[in-house]
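Containing mmCIF, C-alpha atoms: coords.cif.
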data_data
loop_
_atom_site.label_atom_id
_atom_site.label_comp_id
_atom_site.auth_asym_id
_atom_site.auth_seq_id
_atom_site.Cartn_x
_atom_site.Cartn_y
_atom_site.Cartn_z
CA MET Q 1 -95.32 -231.23 -51.23
CA THR Q 2 -96.07 -230.23 -54.82
CA LEU Q 3 -99.01 -231.86 -56.55
CA LYS Q 4 -99.73 -232.37 -60.21
CA PRO Q 5 -102.69 -230.34 -61.54
CA LEU Q 6 -105.82 -232.34 -60.76
CA PHE Q 7 -107.93 -231.32 -63.75
CA VAL Q 8 -107.92 -234.88 -65.14
CA SER Q 9 -109.70 -236.24 -62.08
CA LEU Q 10 -112.62 -233.86 -62.70
CA PHE Q 11 -113.72 -235.65 -65.83
CA ILE Q 12 -112.07 -239.03 -65.76
CA MET Q 13 -115.07 -240.94 -64.42
CA PRO Q 14 -117.33 -240.42 -67.47
CA LEU Q 15 -114.62 -241.89 -69.66
CA PHE Q 16 -114.92 -245.25 -67.96
CA THR Q 17 -118.06 -245.90 -70.00
CA MET Q 18 -117.41 -243.87 -73.14
CA THR Q 19 -114.89 -246.24 -74.64
CA ALA Q 20 -116.38 -249.51 -73.51
CA CYS Q 21 -117.54 -250.28 -77.05
CA ALA Q 22 -114.55 -248.75 -78.83
CA LYS Q 23 -113.66 -250.28 -82.17
CA GLU Q 24 -110.34 -250.51 -83.93
CA PRO Q 25 -109.19 -246.89 -84.33
CA SER Q 26 -108.63 -245.19 -87.64
CA VAL Q 27 -104.93 -244.47 -88.26
CA ASP Q 28 -102.95 -242.20 -90.56
CA SER Q 29 -100.21 -243.25 -92.99
CA ASP Q 30 -97.70 -243.48 -90.12
CA GLY Q 31 -99.97 -245.70 -88.05
CA ILE Q 32 -100.85 -242.95 -85.58
CA PRO Q 33 -104.47 -243.15 -84.38
CA LYS Q 34 -106.66 -240.33 -85.65
CA THR Q 35 -108.95 -238.21 -83.52
CA ARG Q 36 -112.57 -239.21 -84.06
CA SER Q 37 -114.68 -236.92 -86.24
CA ASN Q 38 -117.84 -237.57 -84.22
CA LEU Q 39 -116.80 -236.32 -80.77
CA THR Q 40 -119.72 -235.07 -78.73
CA ALA Q 41 -119.65 -231.52 -77.39
CA ASP Q 42 -118.71 -232.86 -73.95
CA GLU Q 43 -115.95 -235.05 -75.36
CA GLN Q 44 -114.58 -232.13 -77.39
CA LYS Q 45 -114.47 -229.98 -74.26
CA GLN Q 46 -112.63 -232.72 -72.37
CA LEU Q 47 -110.10 -232.96 -75.18
CA ASN Q 48 -109.68 -229.18 -75.40
CA ASP Q 49 -109.12 -228.85 -71.64
CA PHE Q 50 -106.63 -231.71 -71.75
CA LEU Q 51 -104.64 -230.10 -74.58
CA VAL Q 52 -104.49 -226.75 -72.76
CA GLN Q 53 -103.10 -228.50 -69.69
CA GLN Q 54 -100.58 -230.56 -71.66
CA LYS Q 55 -99.30 -227.45 -73.39
CA GLU Q 56 -98.90 -225.71 -70.03
CA ASN Q 57 -96.99 -228.73 -68.71
CA MET Q 58 -94.27 -228.46 -71.37
CA ARG Q 59 -90.97 -227.07 -70.08
CA PHE Q 60 -88.68 -225.35 -72.59
CA ILE Q 61 -85.01 -226.36 -72.50
CA GLU Q 62 -82.46 -224.26 -74.34
CA GLY Q 63 -80.15 -226.41 -76.42
CA GLY Q 64 -76.40 -226.62 -76.00
CA SER Q 65 -73.46 -228.98 -75.64
CA TYR Q 66 -72.59 -231.32 -72.79
CA GLU Q 67 -70.59 -234.44 -72.06
CA MET Q 68 -72.92 -237.42 -72.03
CA GLY Q 69 -72.18 -240.57 -70.09
CA ASP Q 70 -70.10 -241.57 -67.07
CA PHE Q 71 -68.51 -238.28 -66.02
CA GLY Q 72 -66.43 -239.74 -63.19
CA SER Q 73 -63.25 -238.36 -64.74
CA LYS Q 74 -64.65 -234.84 -64.32
CA VAL Q 75 -65.56 -235.01 -60.61
CA THR Q 76 -63.97 -236.07 -57.35
CA ILE Q 77 -66.34 -239.04 -56.85
CA ASN Q 78 -64.32 -242.28 -56.85
CA GLY Q 79 -61.13 -240.26 -57.16
CA GLY Q 80 -61.88 -239.34 -60.73
CA GLY Q 81 -62.57 -242.92 -61.78
CA PRO Q 82 -65.74 -244.34 -63.33
CA ILE Q 83 -68.91 -243.74 -61.34
CA ARG Q 84 -70.61 -246.92 -62.58
CA SER Q 85 -69.18 -250.28 -63.59
CA GLU Q 86 -71.29 -250.81 -66.72
CA ARG Q 87 -69.68 -250.43 -70.13
CA ASP Q 88 -72.75 -249.07 -71.89
CA ASN Q 89 -72.49 -245.50 -70.52
CA LYS Q 90 -68.92 -245.06 -71.74
CA PRO Q 91 -67.01 -243.36 -73.23
CA LEU Q 92 -67.87 -239.87 -72.07
CA HIS Q 93 -68.59 -238.00 -75.30
CA LYS Q 94 -69.69 -234.58 -76.47
CA VAL Q 95 -73.31 -234.12 -77.49
CA THR Q 96 -74.88 -230.97 -78.93
CA LEU Q 97 -78.66 -230.66 -78.86
CA ASP Q 98 -81.14 -228.27 -80.41
CA SER Q 99 -83.59 -226.60 -78.05
CA PHE Q 100 -86.69 -228.61 -77.19
CA SER Q 101 -89.55 -228.81 -74.68
CA MET Q 102 -90.32 -231.77 -72.43
CA ASN Q 103 -93.39 -232.56 -70.36
CA ALA Q 104 -93.01 -231.86 -66.66
CA TYR Q 105 -94.83 -235.13 -65.87
CA LYS Q 106 -94.95 -238.75 -66.87
CA ALA Q 107 -98.22 -239.58 -68.62
CA THR Q 108 -100.89 -241.08 -66.36
CA TYR Q 109 -103.79 -243.43 -66.96
CA GLY Q 110 -106.00 -240.33 -66.88
CA ASP Q 111 -103.98 -238.83 -69.74
CA PHE Q 112 -104.28 -242.03 -71.74
CA ASP Q 113 -108.03 -242.16 -71.10
CA ILE Q 114 -108.41 -238.87 -72.98
CA TYR Q 115 -106.27 -240.24 -75.82
CA SER Q 116 -108.32 -243.45 -75.93
CA MET Q 117 -111.62 -241.57 -75.88
CA ALA Q 118 -110.54 -239.14 -78.59
CA THR Q 119 -109.24 -241.86 -80.92
CA GLY Q 120 -111.84 -244.55 -80.19
CA GLN Q 121 -109.49 -247.10 -78.64
CA GLU Q 122 -109.84 -249.48 -75.74
CA LYS Q 123 -108.57 -247.77 -72.63
CA VAL Q 124 -105.00 -248.45 -71.57
CA GLY Q 125 -104.69 -250.65 -68.53
CA MET Q 126 -108.06 -252.41 -68.65
CA GLN Q 127 -106.51 -255.82 -69.22
CA GLU Q 128 -106.71 -258.15 -66.23
CA ASN Q 129 -103.00 -257.66 -65.62
CA ASN Q 130 -103.41 -253.95 -64.97
CA THR Q 131 -106.77 -253.33 -63.38
CA ARG Q 132 -105.65 -253.82 -59.77
CA VAL Q 133 -103.16 -250.95 -59.96
CA ARG Q 134 -105.06 -248.57 -62.20
CA GLY Q 135 -105.83 -245.08 -60.91
CA VAL Q 136 -106.24 -241.51 -62.11
CA ASP Q 137 -102.79 -240.24 -61.17
CA VAL Q 138 -100.90 -243.52 -61.50
CA ALA Q 139 -98.10 -243.45 -64.06
CA ALA Q 140 -99.44 -245.64 -66.85
CA GLY Q 141 -97.94 -249.05 -67.58
CA ILE Q 142 -97.64 -249.21 -71.37
CA ASN Q 143 -95.55 -250.68 -74.15
CA TRP Q 144 -93.21 -248.65 -76.35
CA GLN Q 145 -95.43 -248.30 -79.41
CA THR Q 146 -98.38 -247.08 -77.35
CA ALA Q 147 -96.11 -244.51 -75.71
CA GLN Q 148 -94.73 -243.31 -79.05
CA HIS Q 149 -98.13 -243.11 -80.74
CA TYR Q 150 -99.52 -241.17 -77.78
CA CYS Q 151 -96.74 -238.56 -78.03
CA GLN Q 152 -97.06 -238.32 -81.81
CA TRP Q 153 -100.85 -237.95 -81.58
CA LEU Q 154 -100.47 -235.27 -78.89
CA GLY Q 155 -98.07 -233.39 -81.14
CA GLN Q 156 -100.57 -233.48 -83.97
CA GLN Q 157 -103.21 -231.96 -81.70
CA LEU Q 158 -100.82 -229.20 -80.60
CA GLU Q 159 -99.43 -228.78 -84.13
CA VAL Q 160 -95.81 -229.37 -83.15
CA PRO Q 161 -93.54 -232.39 -83.86
CA MET Q 162 -93.58 -234.61 -80.76
CA ASN Q 163 -92.03 -237.93 -79.84
CA LEU Q 164 -90.67 -239.77 -76.89
CA PRO Q 165 -87.37 -238.17 -75.82
CA THR Q 166 -84.06 -239.38 -77.12
CA GLU Q 167 -81.91 -240.55 -74.26
CA ALA Q 168 -79.54 -237.66 -75.02
CA GLN Q 169 -82.44 -235.24 -74.47
CA TRP Q 170 -83.55 -237.00 -71.29
CA GLU Q 171 -80.06 -237.02 -69.77
CA TYR Q 172 -79.48 -233.38 -70.73
CA ALA Q 173 -82.73 -232.41 -68.98
CA ALA Q 174 -82.13 -234.65 -65.96
CA ARG Q 175 -78.66 -233.16 -65.49
CA ASN Q 176 -79.98 -229.59 -65.65
CA ARG Q 177 -78.64 -228.92 -69.14
CA GLY Q 178 -75.67 -231.25 -68.78
CA LYS Q 179 -74.30 -230.39 -65.33
CA TYR Q 180 -72.56 -233.12 -63.37
CA VAL Q 181 -75.68 -234.27 -61.50
CA LEU Q 182 -76.15 -237.84 -60.24
CA PHE Q 183 -79.73 -237.68 -58.98
CA PRO Q 184 -82.29 -235.59 -60.93
CA THR Q 185 -84.08 -234.31 -57.84
CA ASP Q 186 -84.66 -230.73 -56.69
CA ASN Q 187 -81.24 -230.60 -55.00
CA GLY Q 188 -79.28 -233.39 -56.70
CA TRP Q 189 -79.47 -235.68 -53.66
CA ILE Q 190 -81.83 -238.29 -52.23
CA ASN Q 191 -83.85 -237.16 -49.22
CA GLY Q 192 -86.41 -239.86 -48.42
CA GLY Q 193 -89.85 -238.50 -47.67
CA ARG Q 194 -88.95 -235.05 -48.98
CA ASN Q 195 -87.97 -235.49 -52.63
CA ILE Q 196 -88.49 -239.22 -53.16
CA ALA Q 197 -90.76 -241.88 -51.69
CA THR Q 198 -89.68 -244.01 -48.74
CA TYR Q 199 -90.43 -247.71 -48.46
CA ASP Q 200 -93.18 -246.99 -45.94
CA GLU Q 201 -94.76 -244.36 -48.19
CA LEU Q 202 -94.92 -246.79 -51.10
CA ASN Q 203 -96.57 -249.34 -48.81
CA GLU Q 204 -99.16 -246.74 -47.80
CA LEU Q 205 -100.01 -246.17 -51.47
CA SER Q 206 -100.33 -249.93 -51.99
CA SER Q 207 -102.80 -250.10 -49.11
CA LYS Q 208 -104.77 -247.17 -50.51
CA TYR Q 209 -105.17 -248.95 -53.85
CA ASP Q 210 -105.76 -252.35 -52.20
CA THR Q 211 -102.90 -254.16 -53.89
CA THR Q 212 -99.72 -255.93 -52.83
CA LEU Q 213 -97.93 -254.22 -55.72
CA LYS Q 214 -96.16 -250.89 -55.37
CA VAL Q 215 -98.11 -248.09 -57.01
CA PRO Q 216 -96.51 -245.12 -58.84
CA ILE Q 217 -98.19 -241.74 -58.24
CA VAL Q 218 -96.88 -238.73 -60.16
CA GLY Q 219 -96.09 -235.26 -58.88
CA LEU Q 220 -95.87 -235.98 -55.15
CA TYR Q 221 -92.43 -234.46 -54.64
CA PRO Q 222 -90.62 -231.24 -55.65
CA PRO Q 223 -89.52 -230.87 -59.28
CA SER Q 224 -85.96 -230.63 -60.55
CA PRO Q 225 -84.45 -227.15 -61.07
CA LEU Q 226 -85.74 -227.20 -64.67
CA GLY Q 227 -89.27 -228.07 -63.52
CA PHE Q 228 -89.48 -231.84 -64.09
CA TYR Q 229 -91.24 -234.20 -61.70
CA ASP Q 230 -90.37 -237.81 -60.93
CA LEU Q 231 -87.19 -238.19 -62.94
CA THR Q 232 -86.03 -240.26 -59.95
CA ASN Q 233 -89.47 -241.54 -58.96
CA GLN Q 234 -92.02 -244.06 -60.12
CA ASN Q 235 -91.80 -245.72 -63.57
CA ASN Q 236 -89.07 -246.17 -66.13
CA GLU Q 237 -89.59 -243.86 -69.10
CA TRP Q 238 -89.42 -245.06 -72.69
CA MET Q 239 -86.85 -243.38 -74.97
CA THR Q 240 -87.04 -243.34 -78.76
CA ASP Q 241 -83.60 -245.01 -78.98
CA TRP Q 242 -82.89 -248.61 -79.72
CA TYR Q 243 -80.42 -250.00 -77.19
CA SER Q 244 -76.83 -250.88 -78.04
CA GLU Q 245 -74.10 -251.36 -75.46
CA ASP Q 246 -71.43 -249.74 -77.63
CA TYR Q 247 -73.51 -246.89 -79.08
CA TYR Q 248 -71.68 -244.16 -77.15
CA ALA Q 249 -68.45 -245.02 -78.99
CA ASN Q 250 -70.17 -244.35 -82.33
CA SER Q 251 -72.73 -241.70 -81.44
CA PRO Q 252 -72.81 -238.56 -83.62
CA GLU Q 253 -72.34 -235.29 -81.79
CA HIS Q 254 -75.42 -233.45 -83.03
CA ASN Q 255 -78.87 -234.63 -81.89
CA PRO Q 256 -78.05 -238.35 -81.60
CA GLN Q 257 -81.07 -240.58 -82.20
CA GLY Q 258 -79.67 -243.97 -81.15
CA PRO Q 259 -78.94 -246.99 -83.38
CA LYS Q 260 -81.05 -247.42 -86.51
CA THR Q 261 -82.21 -250.90 -85.48
CA GLY Q 262 -82.28 -253.15 -82.47
CA THR Q 263 -84.35 -255.57 -80.41
CA GLU Q 264 -84.63 -253.60 -77.15
CA LYS Q 265 -85.43 -249.99 -76.36
CA VAL Q 266 -83.70 -247.72 -73.85
CA VAL Q 267 -85.57 -246.69 -70.72
CA ARG Q 268 -84.45 -244.12 -68.15
CA SER Q 269 -85.44 -243.17 -64.58
CA VAL Q 270 -86.27 -245.97 -62.12
CA ASN Q 271 -89.08 -248.51 -61.85
CA VAL Q 272 -91.46 -248.56 -58.95
CA GLU Q 273 -90.32 -251.95 -57.69
CA TRP Q 274 -87.04 -250.53 -56.39
CA GLY Q 275 -87.89 -246.85 -56.49
CA ASP Q 276 -87.83 -246.09 -52.77
CA ALA Q 277 -85.23 -243.72 -51.34
CA GLN Q 278 -82.94 -246.36 -49.84
CA ASN Q 279 -82.70 -248.45 -53.00
CA VAL Q 280 -82.24 -245.48 -55.31
CA ARG Q 281 -79.47 -244.12 -53.10
CA ALA Q 282 -77.77 -247.52 -53.05
CA ASN Q 283 -77.90 -247.90 -56.84
CA GLY Q 284 -76.84 -244.29 -57.40
CA SER Q 285 -76.15 -242.14 -60.45
CA ILE Q 286 -79.63 -242.34 -61.95
CA THR Q 287 -78.77 -239.76 -64.62
CA LEU Q 288 -76.14 -242.11 -66.08
CA MET Q 289 -77.91 -245.44 -65.79
CA ARG Q 290 -79.09 -247.01 -69.05
CA ILE Q 291 -81.68 -249.78 -68.91
CA LYS Q 292 -82.99 -251.90 -71.78
CA ARG Q 293 -86.48 -253.30 -72.21
CA LEU Q 294 -88.30 -255.25 -74.89
CA PRO Q 295 -90.60 -252.74 -76.61
CA ASN Q 296 -93.62 -255.05 -76.30
CA PRO Q 297 -92.94 -257.75 -73.69
CA PRO Q 298 -95.46 -260.59 -73.58
CA LEU Q 299 -97.86 -260.87 -70.68
CA ILE Q 300 -97.11 -263.63 -68.21
CA ASP Q 301 -99.88 -266.14 -68.87
CA ASP Q 302 -99.62 -268.09 -65.62
CA ASN Q 303 -99.79 -264.97 -63.46
CA PRO Q 304 -102.45 -262.54 -64.70
CA ARG Q 305 -101.64 -260.01 -61.95
CA ILE Q 306 -98.24 -259.25 -63.44
CA ASN Q 307 -97.87 -256.96 -66.44
CA PRO Q 308 -94.26 -256.39 -67.58
CA ASN Q 309 -95.34 -253.05 -69.04
CA ARG Q 310 -96.53 -251.81 -65.65
CA GLN Q 311 -93.10 -250.34 -64.97
CA THR Q 312 -92.90 -248.18 -68.10
CA SER Q 313 -94.47 -244.83 -68.96
CA ALA Q 314 -94.18 -241.92 -71.39
CA ARG Q 315 -92.91 -238.36 -71.10
CA CYS Q 316 -93.32 -236.49 -74.37
CA VAL Q 317 -90.90 -234.08 -76.05
CA ALA Q 318 -91.75 -231.28 -78.49
CA ASN Q 319 -88.99 -230.98 -81.08
CA ARG Q 320 -89.32 -227.28 -81.78
CA GLN Q 321 -86.64 -224.73 -81.00
CA GLN Q 322 -89.12 -222.25 -79.52
CA ALA Q 323 -91.27 -222.57 -76.41
CA LEU Q 324 -94.84 -223.74 -76.95
CA ASN Q 325 -96.35 -221.03 -74.76
#

Rendering of file as structure tokens:
Amino acid sequence: MTLKPLFVSLFIMPLFTMTACAKEPSVDSDGIPKTRSNLTADEQKQLNDFLVQQKENMRFIEGGSYEMGDFGSKVTINGGGPIRSERDNKPLHKVTLDSFSMNAYKATYGDFDIYSMATGQEKVGMQENNTRVRGVDVAAGINWQTAQHYCQWLGQQLEVPMNLPTEAQWEYAARNRGKYVLFPTDNGWINGGRNIATYDELNELSSKYDTTLKVPIVGLYPPSPLGFYDLTNQNNEWMTDWYSEDYYANSPEHNPQGPKTGTEKVVRSVNVEWGDAQNVRANGSITLMRIKRLPNPPLIDDNPRINPNRQTSARCVANRQQALN
């Protein structure tokens, strides 16, 4: 079993009190929260250690061309027919991407605590709807704008352009630079208990955190061949792209960014509610599956234990054609 670096847990507890009185953060012209100018020496060290770790977590992916979408016509699965029934991952089309780097891990509450401390914001996940499933290594439940601002802020700290991934970047990475891979695990298959959580394992985590909800923990299982954890585990991941069912028919070849406007955003990976091995295997072809989500869904007033954002997290991309390290 491979574990995520545990450096965050070494200093996460002090942050529980540091931002209790946080005020509205200062933002730049693009609305991205600014790092506070009055960080204490201890806070500055926490931030510096965090940035070193985040930089080390970035995995460089050499750009290239691949065929994005339902590649059933290229393989023997279903006799060369479509792999999935949905229309939104068709037609299969050529995409050419520049090189980029992507974080090996989904962002956790611990990661967002550093961001909140550094920018003077209320901590993510302290609303009543989130507190019962909050933990250091739990993939953070957040809305789209929070995810995007976090990645952009992180890029400013590392002095490299960063965003959420485009879905073309995510699929290229999940398919090991565009190979015909259905499940973005270490071996391309689903092996419950070895490279993805079983139903019983998710229940054990729920008991550990004293909640009836399933809890997403990052980095428990082996990474993909390119070094990415949990592309088939835990929370859906926000993409930069607006969602459109027919976008693939109109997508440009080079570095597609998604439609210019929309009402829903694309998410990839799986959500924790059906993310156990049996359900993932039954649904199949995770690298092709497009899901849409409202970028900022409202909380459910009559059930404060449910947060629609709980199933979404961030995995940042550095849009530079050289490795960060």

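Distances to Gln145 in chain Q were evaluated for Q:Pro259, Q:Gly284, Q:Pro33, Q:Gly178 using only C-alpha atoms, and the minimum falls at Q:Pro33.
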
- Query: Taking into account all atoms listed in the file, which residue in the set Q:Val124, Q:Val267, Q:Ala173, Q:Ala104 is nearest to Pro222 in chain Q?
  - Reply: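 Between Q:Val124, Q:Val267, Q:Ala173, Q:Ala104, the residue approaching Pro222 in chain Q most closely is Q:Ala104.
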
- Query: On this structure, which residues satisfy the PyMOL selection byres ((chain Q and resi 195) around 9), written as a list in words?
  - Reply: Met1, Thr185, Asp186, Asn187, Trp189, Ile190, Asn191, Gly192, Gly193, Arg194, Ile196, Ala197, Leu220, Tyr221, Pro222, Pro223, Asp230, Thr232, Asn233 and Ala277 of chain Q

- Item | Point-to-point distance in Å for CA of Tyr105 in chain Q and CA of Gly72 in chain Q |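 Pair CA of Gly72 in chain Q / CA of Tyr105 in chain Q returns 28.9 Å.
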
Applying the PyMOL selection byres ((chain Q and resi 242-258) around 10) to the file I just gave you, which residues come out? Please list them as a JSON list (two decimals) with C-alpha atoms, keeping the file's coordinate frame.
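Saved file expr.json follows:
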[["chain", "number", "residue", "atom", "x", "y", "z"],
["Q", 63, "GLY", "CA", -80.15, -226.41, -76.42],
["Q", 64, "GLY", "CA", -76.40, -226.62, -76.00],
["Q", 65, "SER", "CA", -73.46, -228.98, -75.64],
["Q", 66, "TYR", "CA", -72.59, -231.32, -72.79],
["Q", 67, "GLU", "CA", -70.59, -234.44, -72.06],
["Q", 68, "MET", "CA", -72.92, -237.42, -72.03],
["Q", 69, "GLY", "CA", -72.18, -240.57, -70.09],
["Q", 86, "GLU", "CA", -71.29, -250.81, -66.72],
["Q", 87, "ARG", "CA", -69.68, -250.43, -70.13],
["Q", 88, "ASP", "CA", -72.75, -249.07, -71.89],
["Q", 89, "ASN", "CA", -72.49, -245.50, -70.52],
["Q", 90, "LYS", "CA", -68.92, -245.06, -71.74],
["Q", 91, "PRO", "CA", -67.01, -243.36, -73.23],
["Q", 92, "LEU", "CA", -67.87, -239.87, -72.07],
["Q", 93, "HIS", "CA", -68.59, -238.00, -75.30],
["Q", 94, "LYS", "CA", -69.69, -234.58, -76.47],
["Q", 95, "VAL", "CA", -73.31, -234.12, -77.49],
["Q", 96, "THR", "CA", -74.88, -230.97, -78.93],
["Q", 97, "LEU", "CA", -78.66, -230.66, -78.86],
["Q", 98, "ASP", "CA", -81.14, -228.27, -80.41],
["Q", 165, "PRO", "CA", -87.37, -238.17, -75.82],
["Q", 166, "THR", "CA", -84.06, -239.38, -77.12],
["Q", 167, "GLU", "CA", -81.91, -240.55, -74.26],
["Q", 168, "ALA", "CA", -79.54, -237.66, -75.02],
["Q", 169, "GLN", "CA", -82.44, -235.24, -74.47],
["Q", 239, "MET", "CA", -86.85, -243.38, -74.97],
["Q", 240, "THR", "CA", -87.04, -243.34, -78.76],
["Q", 241, "ASP", "CA", -83.60, -245.01, -78.98],
["Q", 259, "PRO", "CA", -78.94, -246.99, -83.38],
["Q", 260, "LYS", "CA", -81.05, -247.42, -86.51],
["Q", 261, "THR", "CA", -82.21, -250.90, -85.48],
["Q", 262, "GLY", "CA", -82.28, -253.15, -82.47],
["Q", 263, "THR", "CA", -84.35, -255.57, -80.41],
["Q", 264, "GLU", "CA", -84.63, -253.60, -77.15],
["Q", 265, "LYS", "CA", -85.43, -249.99, -76.36],
["Q", 266, "VAL", "CA", -83.70, -247.72, -73.85],
["Q", 267, "VAL", "CA", -85.57, -246.69, -70.72],
["Q", 290, "ARG", "CA", -79.09, -247.01, -69.05],
["Q", 291, "ILE", "CA", -81.68, -249.78, -68.91],
["Q", 292, "LYS", "CA", -82.99, -251.90, -71.78],
["Q", 293, "ARG", "CA", -86.48, -253.30, -72.21],
["Q", 294, "LEU", "CA", -88.30, -255.25, -74.89],
["Q", 295, "PRO", "CA", -90.60, -252.74, -76.61]]

- Item | Straight-line distance linking CA of Asn48 in chain Q with CA of Ser29 in chain Q, stated in Å to one decimal |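 Separation between CA of Asn48 in chain Q and CA of Ser29 in chain Q: 24.4 Å.
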
- The residue from Q:Gln278, Q:Ala318, Q:Val270, Q:Pro225 with the smallest atom-to-atom distance to Tyr199 in chain Q, counting all atoms listed in the file, is Q:Gln278

- Message: My list of candidates is Q:Val138, Q:Ile77, Q:Val272, Q:Ala282. Which is closest to Tyr209 in chain Q when distances are computed with only C-alpha atoms?
- Response: Q:Val138

- Message: From the options Q:Glu171, Q:Glu43, Q:Asp200, Q:Asp210, which residue's atoms come nearest to Ser269 in chain Q, counting all atoms listed in the file?
- Response: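 Closest candidate: Q:Glu171.
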
- Expressed in Å, the length from CA of Glu159 in chain Q to CA of Lys55 in chain Q is 10.8 Å

- Nearest to Gly120 in chain Q, restricted to only C-alpha atoms and choosing among Q:Pro82, Q:Pro297, Q:Pro216, Q:Pro25, comes out as Q:Pro25

I'd like the contact shell of Asn319 in chain Q - 10 Å cut-off, all atoms listed in the file, skipping same-chain residues fewer than 4 positions apart - returned as a PDB file with C-alpha atoms, in the coordinates of the input.
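For reference, out-v2.pdb as written:
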ATOM      1  CA  ASP Q  98     -81.140-228.270 -80.410  1.00  0.00           C
ATOM      2  CA  SER Q  99     -83.590-226.600 -78.050  1.00  0.00           C
ATOM      3  CA  PHE Q 100     -86.690-228.610 -77.190  1.00  0.00           C
ATOM      4  CA  SER Q 101     -89.550-228.810 -74.680  1.00  0.00           C
ATOM      5  CA  MET Q 102     -90.320-231.770 -72.430  1.00  0.00           C
ATOM      6  CA  GLY Q 155     -98.070-233.390 -81.140  1.00  0.00           C
ATOM      7  CA  VAL Q 160     -95.810-229.370 -83.150  1.00  0.00           C
ATOM      8  CA  PRO Q 161     -93.540-232.390 -83.860  1.00  0.00           C
ATOM      9  CA  MET Q 162     -93.580-234.610 -80.760  1.00  0.00           C
ATOM     10  CA  ASN Q 163     -92.030-237.930 -79.840  1.00  0.00           C
ATOM     11  CA  LEU Q 164     -90.670-239.770 -76.890  1.00  0.00           C
ATOM     12  CA  PRO Q 165     -87.370-238.170 -75.820  1.00  0.00           C
ATOM     13  CA  ALA Q 323     -91.270-222.570 -76.410  1.00  0.00           C
TER      14      ALA Q 323
END

Might you spell out which residues the PyMOL selection byres ((chain Q and resi 107-110) around 9) would select in the displayed file, as an mmCIF file with C-alpha atoms, in the coordinates of the input?
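Done, and the output landed in selection-v3.cif:
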data_model
loop_
_atom_site.group_PDB
_atom_site.id
_atom_site.type_symbol
_atom_site.label_atom_id
_atom_site.label_comp_id
_atom_site.auth_asym_id
_atom_site.auth_seq_id
_atom_site.Cartn_x
_atom_site.Cartn_y
_atom_site.Cartn_z
ATOM 1 C CA VAL Q 8 -107.920 -234.880 -65.140
ATOM 2 C CA SER Q 9 -109.700 -236.240 -62.080
ATOM 3 C CA ILE Q 12 -112.070 -239.030 -65.760
ATOM 4 C CA ASN Q 103 -93.390 -232.560 -70.360
ATOM 5 C CA TYR Q 105 -94.830 -235.130 -65.870
ATOM 6 C CA LYS Q 106 -94.950 -238.750 -66.870
ATOM 7 C CA ASP Q 111 -103.980 -238.830 -69.740
ATOM 8 C CA PHE Q 112 -104.280 -242.030 -71.740
ATOM 9 C CA ASP Q 113 -108.030 -242.160 -71.100
ATOM 10 C CA ILE Q 114 -108.410 -238.870 -72.980
ATOM 11 C CA TYR Q 115 -106.270 -240.240 -75.820
ATOM 12 C CA LYS Q 123 -108.570 -247.770 -72.630
ATOM 13 C CA VAL Q 124 -105.000 -248.450 -71.570
ATOM 14 C CA GLY Q 125 -104.690 -250.650 -68.530
ATOM 15 C CA ARG Q 134 -105.060 -248.570 -62.200
ATOM 16 C CA GLY Q 135 -105.830 -245.080 -60.910
ATOM 17 C CA VAL Q 136 -106.240 -241.510 -62.110
ATOM 18 C CA ASP Q 137 -102.790 -240.240 -61.170
ATOM 19 C CA VAL Q 138 -100.900 -243.520 -61.500
ATOM 20 C CA ALA Q 139 -98.100 -243.450 -64.060
ATOM 21 C CA ALA Q 140 -99.440 -245.640 -66.850
ATOM 22 C CA GLY Q 141 -97.940 -249.050 -67.580
ATOM 23 C CA ALA Q 147 -96.110 -244.510 -75.710
ATOM 24 C CA ILE Q 217 -98.190 -241.740 -58.240
ATOM 25 C CA VAL Q 218 -96.880 -238.730 -60.160
ATOM 26 C CA SER Q 313 -94.470 -244.830 -68.960
ATOM 27 C CA ALA Q 314 -94.180 -241.920 -71.390
ATOM 28 C CA ARG Q 315 -92.910 -238.360 -71.100
ATOM 29 C CA CYS Q 316 -93.320 -236.490 -74.370
#

Using all atoms listed in the file - which residues lie no farther than 7 Å from the point (-74.0, -236.9, -60.5) in the file's frame? Write them as a compact mmCIF listing (two decimals) with C-alpha atoms, in the frame of the given file.
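So the final result, stored in out_4.txt, reads:
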# COMPACT_ATOMS: atom_id res chain seq x y z
CA TYR Q 180 -72.56 -233.12 -63.37
CA VAL Q 181 -75.68 -234.27 -61.50
CA LEU Q 182 -76.15 -237.84 -60.24
CA PHE Q 183 -79.73 -237.68 -58.98
CA SER Q 285 -76.15 -242.14 -60.45
CA THR Q 287 -78.77 -239.76 -64.62
